[in-house]
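Containing PDB, C-alpha atoms and all ligand atoms: target03.pdb.
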ATOM      1  CA  MET A 250     -24.220 -44.300 -16.840  1.00  0.00           C
ATOM      2  CA  VAL A 251     -24.494 -45.324 -20.477  1.00  0.00           C
ATOM      3  CA  ILE A 252     -21.333 -46.226 -22.380  1.00  0.00           C
ATOM      4  CA  GLN A 253     -21.648 -46.509 -26.135  1.00  0.00           C
ATOM      5  CA  VAL A 254     -18.796 -48.077 -28.054  1.00  0.00           C
ATOM      6  CA  CYS A 255     -18.683 -47.069 -31.691  1.00  0.00           C
ATOM      7  CA  VAL A 256     -18.878 -50.084 -33.971  1.00  0.00           C
ATOM      8  CA  GLY A 257     -19.016 -48.051 -37.185  1.00  0.00           C
ATOM      9  CA  SER A 258     -16.736 -49.291 -39.947  1.00  0.00           C
ATOM     10  CA  SER A 259     -13.748 -47.065 -39.097  1.00  0.00           C
ATOM     11  CA  CYS A 260     -13.813 -47.893 -35.383  1.00  0.00           C
ATOM     12  CA  HIS A 261     -14.595 -51.531 -36.094  1.00  0.00           C
ATOM     13  CA  LEU A 262     -11.347 -51.797 -38.061  1.00  0.00           C
ATOM     14  CA  LYS A 263      -9.439 -50.107 -35.244  1.00  0.00           C
ATOM     15  CA  GLY A 264     -10.549 -52.503 -32.548  1.00  0.00           C
ATOM     16  CA  SER A 265     -14.104 -51.881 -31.296  1.00  0.00           C
ATOM     17  CA  GLN A 266     -14.409 -55.531 -30.308  1.00  0.00           C
ATOM     18  CA  LEU A 267     -11.288 -55.370 -28.152  1.00  0.00           C
ATOM     19  CA  ILE A 268     -12.462 -52.177 -26.468  1.00  0.00           C
ATOM     20  CA  VAL A 269     -15.833 -53.801 -25.717  1.00  0.00           C
ATOM     21  CA  GLU A 270     -14.013 -56.746 -24.123  1.00  0.00           C
ATOM     22  CA  LEU A 271     -11.776 -54.456 -22.065  1.00  0.00           C
ATOM     23  CA  LEU A 272     -14.825 -52.512 -20.902  1.00  0.00           C
ATOM     24  CA  GLN A 273     -16.702 -55.682 -19.943  1.00  0.00           C
ATOM     25  CA  LYS A 274     -13.684 -56.873 -17.944  1.00  0.00           C
ATOM     26  CA  ALA A 275     -13.149 -53.521 -16.225  1.00  0.00           C
ATOM     27  CA  ILE A 276     -16.845 -53.193 -15.392  1.00  0.00           C
ATOM     28  CA  ARG A 277     -16.833 -56.675 -13.816  1.00  0.00           C
ATOM     29  CA  ALA A 278     -13.552 -56.097 -12.007  1.00  0.00           C
ATOM     30  CA  ASN A 279     -14.948 -52.946 -10.422  1.00  0.00           C
ATOM     31  CA  GLY A 280     -18.378 -54.407  -9.651  1.00  0.00           C
ATOM     32  CA  LEU A 281     -20.137 -51.795 -11.798  1.00  0.00           C
ATOM     33  CA  GLU A 282     -22.557 -54.121 -13.594  1.00  0.00           C
ATOM     34  CA  ASN A 283     -25.578 -52.386 -12.065  1.00  0.00           C
ATOM     35  CA  GLU A 284     -24.296 -48.880 -12.708  1.00  0.00           C
ATOM     36  CA  ILE A 285     -23.253 -49.087 -16.340  1.00  0.00           C
ATOM     37  CA  THR A 286     -25.178 -49.953 -19.470  1.00  0.00           C
ATOM     38  CA  LEU A 287     -22.812 -50.943 -22.250  1.00  0.00           C
ATOM     39  CA  VAL A 288     -24.072 -50.745 -25.810  1.00  0.00           C
ATOM     40  CA  GLY A 289     -22.763 -50.429 -29.336  1.00  0.00           C
ATOM     41  CA  THR A 290     -23.505 -47.503 -31.611  1.00  0.00           C
ATOM     42  CA  LEU A 291     -22.988 -46.622 -35.244  1.00  0.00           C
ATOM     43  CA  CYS A 292     -20.501 -43.917 -36.269  1.00  0.00           C
ATOM     44  CA  VAL A 293     -20.605 -41.030 -33.801  1.00  0.00           C
ATOM     45  CA  GLY A 294     -18.820 -38.729 -36.255  1.00  0.00           C
ATOM     46  CA  LYS A 295     -15.432 -38.721 -34.533  1.00  0.00           C
ATOM     47  CA  CYS A 296     -13.542 -41.249 -36.629  1.00  0.00           C
ATOM     48  CA  ASN A 297      -9.908 -41.005 -35.607  1.00  0.00           C
ATOM     49  CA  ARG A 298      -6.644 -42.028 -37.230  1.00  0.00           C
ATOM     50  CA  VAL A 299      -6.066 -44.417 -34.328  1.00  0.00           C
ATOM     51  CA  GLY A 300      -8.372 -46.078 -31.865  1.00  0.00           C
ATOM     52  CA  VAL A 301     -12.056 -46.269 -31.220  1.00  0.00           C
ATOM     53  CA  SER A 302     -14.658 -43.665 -30.253  1.00  0.00           C
ATOM     54  CA  VAL A 303     -16.469 -44.219 -26.976  1.00  0.00           C
ATOM     55  CA  GLN A 304     -19.369 -42.109 -25.746  1.00  0.00           C
ATOM     56  CA  VAL A 305     -19.826 -41.827 -21.974  1.00  0.00           C
ATOM     57  CA  ASP A 306     -23.261 -40.330 -21.359  1.00  0.00           C
ATOM     58  CA  ASP A 307     -23.019 -37.101 -23.417  1.00  0.00           C
ATOM     59  CA  ASP A 308     -19.239 -36.979 -23.845  1.00  0.00           C
ATOM     60  CA  ILE A 309     -17.490 -38.541 -26.821  1.00  0.00           C
ATOM     61  CA  PHE A 310     -13.879 -39.692 -26.520  1.00  0.00           C
ATOM     62  CA  ALA A 311     -11.993 -40.582 -29.690  1.00  0.00           C
ATOM     63  CA  GLY A 312      -8.814 -42.594 -30.088  1.00  0.00           C
ATOM     64  CA  ILE A 313      -9.310 -45.204 -27.364  1.00  0.00           C
ATOM     65  CA  THR A 314      -6.834 -48.060 -27.724  1.00  0.00           C
ATOM     66  CA  ALA A 315      -5.729 -51.000 -25.595  1.00  0.00           C
ATOM     67  CA  GLU A 316      -2.744 -48.851 -24.566  1.00  0.00           C
ATOM     68  CA  ASN A 317      -4.683 -45.867 -23.247  1.00  0.00           C
ATOM     69  CA  PHE A 318      -7.734 -47.815 -22.082  1.00  0.00           C
ATOM     70  CA  GLY A 319      -6.636 -47.986 -18.429  1.00  0.00           C
ATOM     71  CA  ASP A 320      -6.244 -44.215 -18.134  1.00  0.00           C
ATOM     72  CA  PHE A 321      -9.457 -43.601 -20.049  1.00  0.00           C
ATOM     73  CA  PHE A 322     -11.439 -45.909 -17.761  1.00  0.00           C
ATOM     74  CA  ALA A 323      -9.973 -44.441 -14.580  1.00  0.00           C
ATOM     75  CA  GLU A 324     -10.378 -40.800 -15.651  1.00  0.00           C
ATOM     76  CA  ASN A 325     -13.668 -40.761 -17.479  1.00  0.00           C
ATOM     77  CA  ILE A 326     -15.629 -43.613 -15.982  1.00  0.00           C
ATOM     78  CA  LEU A 327     -14.455 -44.500 -12.461  1.00  0.00           C
ATOM     79  CA  LYS A 328     -13.836 -40.921 -11.425  1.00  0.00           C
ATOM     80  CA  LYS A 329     -17.179 -39.784 -12.803  1.00  0.00           C
ATOM     81  CA  LEU A 330     -19.105 -42.577 -11.092  1.00  0.00           C
ATOM     82  CA  ARG A 331     -17.379 -42.185  -7.756  1.00  0.00           C
ATOM     83  CA  GLY A 332     -17.316 -38.402  -7.834  1.00  0.00           C
TER      84      GLY A 332
HETATM   85  S1  LIG B 401     -16.807 -45.108 -37.151  1.00  0.00           S
HETATM   86 FE1  LIG B 401     -16.526 -44.659 -35.046  1.00  0.00          FE
HETATM   87  S2  LIG B 401     -16.567 -42.487 -34.963  1.00  0.00           S
HETATM   88 FE2  LIG B 401     -16.888 -42.965 -37.038  1.00  0.00          FE
END
In structure tokens, how does this file's structure come out?
Ligand code: FES
Amino acid sequence: MVIQVCVGSSCHLKGSQLIVELLQKAIRANGLENEITLVGTLCVGKCNRVGVSVQVDDDIFAGITAENFGDFFAENILKKLRG
């Protein structure tokens, strides 16, 4: 699985760095280092009023924040990986 965190200027201002750190932590905590490639990307065209855009394989999720990160990770990453 490839996870691309948007580090374009809008997302950067809304916390890309924090989302990257939360992803790194969650990936480690779940032992997914060998299953996930985490990279940054420029604007994916989904700039949102709040939060950061994150692309998981072909799906783009906008508005990821520290508050909704846990649900996002469980729903769109863990569930997808573990079927
Ligand atoms: S800067 Fe992230 S979607 Fe535009």
(request) Given the file shown, determine the residues that the PyMOL selection byres (((chain A and resi 270-284) around 9) and not hetatm) selects; report them as a list in words. (result)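 After applying the PyMOL selection byres (((chain A and resi 270-284) around 9) and not hetatm), what remains is Met250, Val251, Ser265, Gln266, Leu267, Ile268, Val269, Ile285, Thr286, Leu287, Ala315, Phe318, Gly319, Phe322, Leu327 and Leu330 of chain A.
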Between chain A and ligand LIG 401 (chain B), at 8 Å or less, what are the per-residue closest atom pairs and their distances in Å? Count all atoms listed in the file, order by chain and rising residue number, and return it as a tab-separated table.
residue	atom	partner	partner_atom	distance
A:Cys255	CA	B:LIG401	FE1	4.7
A:Val256	CA	B:LIG401	FE1	6.0
A:Gly257	CA	B:LIG401	S1	3.7
A:Ser258	CA	B:LIG401	S1	5.0
A:Ser259	CA	B:LIG401	S1	4.1
A:Cys260	CA	B:LIG401	FE1	4.2
A:His261	CA	B:LIG401	S1	6.9
A:Leu291	CA	B:LIG401	S1	6.6
A:Cys292	CA	B:LIG401	FE2	3.8
A:Val293	CA	B:LIG401	S2	4.4
A:Gly294	CA	B:LIG401	S2	4.6
A:Lys295	CA	B:LIG401	S2	4.0
A:Cys296	CA	B:LIG401	S2	3.7
A:Asn297	CA	B:LIG401	S2	6.9
A:Val301	CA	B:LIG401	FE1	6.1
A:Ser302	CA	B:LIG401	S2	5.2
A:Ala311	CA	B:LIG401	S2	7.2
(message) Just the number, please: distance in Å from atom CA of Phe321 of chain A to atom CA of Val305 of chain A, one decimal.
(response) 10.7 Å
Name every residue that the PyMOL selection byres (((chain A and resi 304) around 8) and not hetatm) selects in this structure, writing the answer as an mmCIF file with C-alpha atoms, keeping the file's coordinate frame with chains first and numbers rising.
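Final output, out26.cif:
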data_model
loop_
_atom_site.group_PDB
_atom_site.id
_atom_site.type_symbol
_atom_site.label_atom_id
_atom_site.label_comp_id
_atom_site.auth_asym_id
_atom_site.auth_seq_id
_atom_site.Cartn_x
_atom_site.Cartn_y
_atom_site.Cartn_z
ATOM 1 C CA ILE A 252 -21.333 -46.226 -22.380
ATOM 2 C CA GLN A 253 -21.648 -46.509 -26.135
ATOM 3 C CA VAL A 254 -18.796 -48.077 -28.054
ATOM 4 C CA CYS A 255 -18.683 -47.069 -31.691
ATOM 5 C CA SER A 302 -14.658 -43.665 -30.253
ATOM 6 C CA VAL A 303 -16.469 -44.219 -26.976
ATOM 7 C CA VAL A 305 -19.826 -41.827 -21.974
ATOM 8 C CA ASP A 306 -23.261 -40.330 -21.359
ATOM 9 C CA ASP A 307 -23.019 -37.101 -23.417
ATOM 10 C CA ASP A 308 -19.239 -36.979 -23.845
ATOM 11 C CA ILE A 309 -17.490 -38.541 -26.821
ATOM 12 C CA PHE A 310 -13.879 -39.692 -26.520
#
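In this structure, atom CA of Glu324 of chain A sits 20.8 Å away from atom CA of Gly289 of chain A.
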Please rebuild segment 260-279 of chain A with N, CA and C atoms and return the result as a short mmCIF file (atom, residue, chain, number, x, y, z; two decimals), in the frame of the given file.
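Wrote result.cif, looks like this:
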data_model
loop_
_atom_site.label_atom_id
_atom_site.label_comp_id
_atom_site.auth_asym_id
_atom_site.auth_seq_id
_atom_site.Cartn_x
_atom_site.Cartn_y
_atom_site.Cartn_z
N CYS A 260 -14.17 -47.42 -36.73
CA CYS A 260 -13.81 -47.89 -35.38
C CYS A 260 -13.74 -49.42 -35.33
N HIS A 261 -14.62 -50.07 -36.06
CA HIS A 261 -14.60 -51.53 -36.09
C HIS A 261 -13.21 -52.02 -36.51
N LEU A 262 -12.66 -51.40 -37.56
CA LEU A 262 -11.35 -51.80 -38.06
C LEU A 262 -10.24 -51.49 -37.06
N LYS A 263 -10.48 -50.52 -36.18
CA LYS A 263 -9.44 -50.11 -35.24
C LYS A 263 -9.61 -50.74 -33.88
N GLY A 264 -10.54 -51.70 -33.78
CA GLY A 264 -10.55 -52.50 -32.55
C GLY A 264 -11.74 -52.35 -31.63
N SER A 265 -12.92 -52.00 -32.16
CA SER A 265 -14.10 -51.88 -31.30
C SER A 265 -14.31 -53.12 -30.43
N GLN A 266 -14.12 -54.29 -31.05
CA GLN A 266 -14.41 -55.53 -30.31
C GLN A 266 -13.49 -55.65 -29.09
N LEU A 267 -12.23 -55.31 -29.27
CA LEU A 267 -11.29 -55.37 -28.15
C LEU A 267 -11.68 -54.38 -27.06
N ILE A 268 -12.08 -53.19 -27.46
CA ILE A 268 -12.46 -52.18 -26.47
C ILE A 268 -13.71 -52.63 -25.70
N VAL A 269 -14.64 -53.26 -26.40
CA VAL A 269 -15.83 -53.80 -25.72
C VAL A 269 -15.40 -54.83 -24.68
N GLU A 270 -14.47 -55.71 -25.06
CA GLU A 270 -14.01 -56.75 -24.12
C GLU A 270 -13.30 -56.13 -22.92
N LEU A 271 -12.48 -55.12 -23.17
CA LEU A 271 -11.78 -54.46 -22.06
C LEU A 271 -12.77 -53.77 -21.14
N LEU A 272 -13.80 -53.16 -21.72
CA LEU A 272 -14.82 -52.51 -20.90
C LEU A 272 -15.58 -53.53 -20.06
N GLN A 273 -15.97 -54.65 -20.69
CA GLN A 273 -16.70 -55.68 -19.94
C GLN A 273 -15.87 -56.17 -18.77
N LYS A 274 -14.58 -56.40 -19.01
CA LYS A 274 -13.68 -56.87 -17.94
C LYS A 274 -13.57 -55.84 -16.83
N ALA A 275 -13.35 -54.58 -17.22
CA ALA A 275 -13.15 -53.52 -16.23
C ALA A 275 -14.42 -53.28 -15.42
N ILE A 276 -15.57 -53.38 -16.08
CA ILE A 276 -16.84 -53.19 -15.39
C ILE A 276 -17.02 -54.30 -14.35
N ARG A 277 -16.74 -55.54 -14.76
CA ARG A 277 -16.83 -56.68 -13.82
C ARG A 277 -15.84 -56.52 -12.67
N ALA A 278 -14.61 -56.19 -13.02
CA ALA A 278 -13.55 -56.10 -12.01
C ALA A 278 -13.87 -55.05 -10.95
N ASN A 279 -14.62 -54.02 -11.35
CA ASN A 279 -14.95 -52.95 -10.42
C ASN A 279 -16.36 -53.07 -9.86
#
